[in-house]
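Chemist: Quick one: the structure is below, questions incoming.
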Amino acid sequence: MVKIRTNKARRVMRHIRVRRKIGGTAERPRLAVYRSLNHVYAQVIDDTQGVTLAAASSVEAAVRSQQNGKSKTGVAEMVGELVSERAKEIGISQVVFDRGGYKYHGRVKALADAARKGGLVF
């Protein structure tokens with residue numbers, strides 16, 4: 001058995017295992033989270049068509065203008081609220097949460113809680 005040694009490779013393997021079990025449909029798309037060292041990204045994806053329906057990230061000007069002095073967790077909350085707002089605009093209220101192989105902790109949890117507060121059900 002080959003041991004996977006890097007943290008990134010281990011996260012990708014966890015994500016692959018999760019993706020075997022969950023997928024997004026048109027009625028209930030997948031809310032996928034990616035977290036880098038400095039930024040956080042969220043997408044609402046319909047996997048049957050392979051289309052991103054809504055997206056938000058900490059790189060956007062709308063978030064960057066308001067993130068002065070906020071922690072990474074605070075910025076993740078802003079991204080969660082923004083992605084839920086954009087999903088609601090196109091008529092999506094229920095999603096399947098995909099944490100991307102990350103622990104449900106810190107920025108990932110903050111984004112998920114903010115998306116729930118914004119009206120998404122998962």
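Every chain in the structure tokens takes a letter, A first, then B, and so on in the order presented; its residues are numbered from 1, and the ligands are numbered from 1 following the presented order.
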What lies within 12 Å of stretch 29-33 of chain A using only C-alpha atoms, ignoring chain neighbours under 4 positions off, as a ChimeraX atom specification?
Modeler: /A:15,18-19,21-25,39-58,76,79-80,83-84,87,91-104,107-112,115-116,120-122
Chemist: Write out as a PyMOL selection string all residues of chain A that DSSP puts in alpha helix (DSSP H) for this structure's backbone.
Modeler: chain A and resi 7-21+61-64+72-89+107-117
Chemist: Keeping only C-alpha atoms, write those residues as a PDB file, in the first residue's frame.
Modeler:
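out_30.pdb written:
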ATOM      1  CA  ASN A   7      -1.561  17.229   3.008  1.00  0.00           C
ATOM      2  CA  LYS A   8      -2.928  18.416  -0.338  1.00  0.00           C
ATOM      3  CA  ALA A   9      -2.964  14.882  -1.752  1.00  0.00           C
ATOM      4  CA  ARG A  10      -4.737  13.598   1.352  1.00  0.00           C
ATOM      5  CA  ARG A  11      -7.368  16.367   1.081  1.00  0.00           C
ATOM      6  CA  VAL A  12      -7.938  15.573  -2.602  1.00  0.00           C
ATOM      7  CA  MET A  13      -8.420  11.875  -1.786  1.00  0.00           C
ATOM      8  CA  ARG A  14     -10.961  12.781   0.931  1.00  0.00           C
ATOM      9  CA  HIS A  15     -12.756  15.016  -1.573  1.00  0.00           C
ATOM     10  CA  ILE A  16     -12.869  12.218  -4.157  1.00  0.00           C
ATOM     11  CA  ARG A  17     -14.398   9.859  -1.582  1.00  0.00           C
ATOM     12  CA  VAL A  18     -17.074  12.413  -0.714  1.00  0.00           C
ATOM     13  CA  ARG A  19     -17.799  13.195  -4.377  1.00  0.00           C
ATOM     14  CA  ARG A  20     -18.569   9.536  -5.050  1.00  0.00           C
ATOM     15  CA  LYS A  21     -21.509   9.861  -2.669  1.00  0.00           C
ATOM     16  CA  ALA A  61     -14.400  43.633  -5.551  1.00  0.00           C
ATOM     17  CA  ALA A  62     -17.697  43.488  -3.617  1.00  0.00           C
ATOM     18  CA  VAL A  63     -16.051  41.490  -0.832  1.00  0.00           C
ATOM     19  CA  ARG A  64     -12.625  43.154  -0.986  1.00  0.00           C
ATOM     20  CA  LYS A  72     -10.315  35.208   7.324  1.00  0.00           C
ATOM     21  CA  THR A  73     -13.323  33.694   9.095  1.00  0.00           C
ATOM     22  CA  GLY A  74     -15.179  36.995   8.858  1.00  0.00           C
ATOM     23  CA  VAL A  75     -14.434  37.201   5.146  1.00  0.00           C
ATOM     24  CA  ALA A  76     -15.684  33.609   4.711  1.00  0.00           C
ATOM     25  CA  GLU A  77     -18.972  34.655   6.348  1.00  0.00           C
ATOM     26  CA  MET A  78     -19.296  37.477   3.821  1.00  0.00           C
ATOM     27  CA  VAL A  79     -18.701  35.035   0.954  1.00  0.00           C
ATOM     28  CA  GLY A  80     -21.330  32.657   2.389  1.00  0.00           C
ATOM     29  CA  GLU A  81     -23.909  35.431   2.574  1.00  0.00           C
ATOM     30  CA  LEU A  82     -23.076  36.571  -0.956  1.00  0.00           C
ATOM     31  CA  VAL A  83     -23.329  33.096  -2.515  1.00  0.00           C
ATOM     32  CA  SER A  84     -26.660  32.452  -0.768  1.00  0.00           C
ATOM     33  CA  GLU A  85     -27.978  35.799  -1.982  1.00  0.00           C
ATOM     34  CA  ARG A  86     -26.963  34.993  -5.568  1.00  0.00           C
ATOM     35  CA  ALA A  87     -28.475  31.508  -5.351  1.00  0.00           C
ATOM     36  CA  LYS A  88     -31.758  32.924  -4.062  1.00  0.00           C
ATOM     37  CA  GLU A  89     -31.852  35.375  -6.994  1.00  0.00           C
ATOM     38  CA  ARG A 107     -13.654  29.204   7.539  1.00  0.00           C
ATOM     39  CA  VAL A 108     -15.614  26.315   6.014  1.00  0.00           C
ATOM     40  CA  LYS A 109     -18.044  26.271   8.949  1.00  0.00           C
ATOM     41  CA  ALA A 110     -18.354  30.074   8.919  1.00  0.00           C
ATOM     42  CA  LEU A 111     -19.212  30.044   5.207  1.00  0.00           C
ATOM     43  CA  ALA A 112     -21.786  27.284   5.707  1.00  0.00           C
ATOM     44  CA  ASP A 113     -23.435  29.006   8.680  1.00  0.00           C
ATOM     45  CA  ALA A 114     -23.629  32.314   6.791  1.00  0.00           C
ATOM     46  CA  ALA A 115     -25.161  30.572   3.764  1.00  0.00           C
ATOM     47  CA  ARG A 116     -27.771  28.994   6.051  1.00  0.00           C
ATOM     48  CA  LYS A 117     -28.443  32.373   7.615  1.00  0.00           C
TER      49      LYS A 117
END
Chemist: Please compute the atom CA of A:Gly69-atom CA of A:Gly118 distance, one decimal, in Å.
Modeler: 22.6 Å
Chemist: Distance atom CA of A:Leu37-atom CA of A:Asn68, one decimal place?
Modeler: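 Separating atom CA of A:Leu37 from atom CA of A:Asn68 is a distance of 17.4 Å.
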Chemist: Among the residues of chain A, find those DSSP assigns to strand (DSSP E) from the backbone and print them as a list in words.
Modeler: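 Matching residues for strand (DSSP E) in chain A are Arg30, Leu31, Ala32, Val33, Tyr34, Arg35, Val40, Tyr41, Ala42, Gln43, Val44, Ile45, Asp46, Val51, Thr52, Leu53, Ala54, Ala55, Ala56, Ser57, Val96, Phe97 and Asp98 of chain A.
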Chemist: Just give me the gap between atom CA of A:Val59 and atom CA of A:His105 in Å, one decimal is fine.
Modeler: 21.2 Å
Chemist: Which one is closest to A:Glu27: A:Ile4, A:Lys70, A:Ile90, A:Gly119? Count only C-alpha atoms.
Modeler: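 The closest residue to A:Glu27 is A:Ile90.
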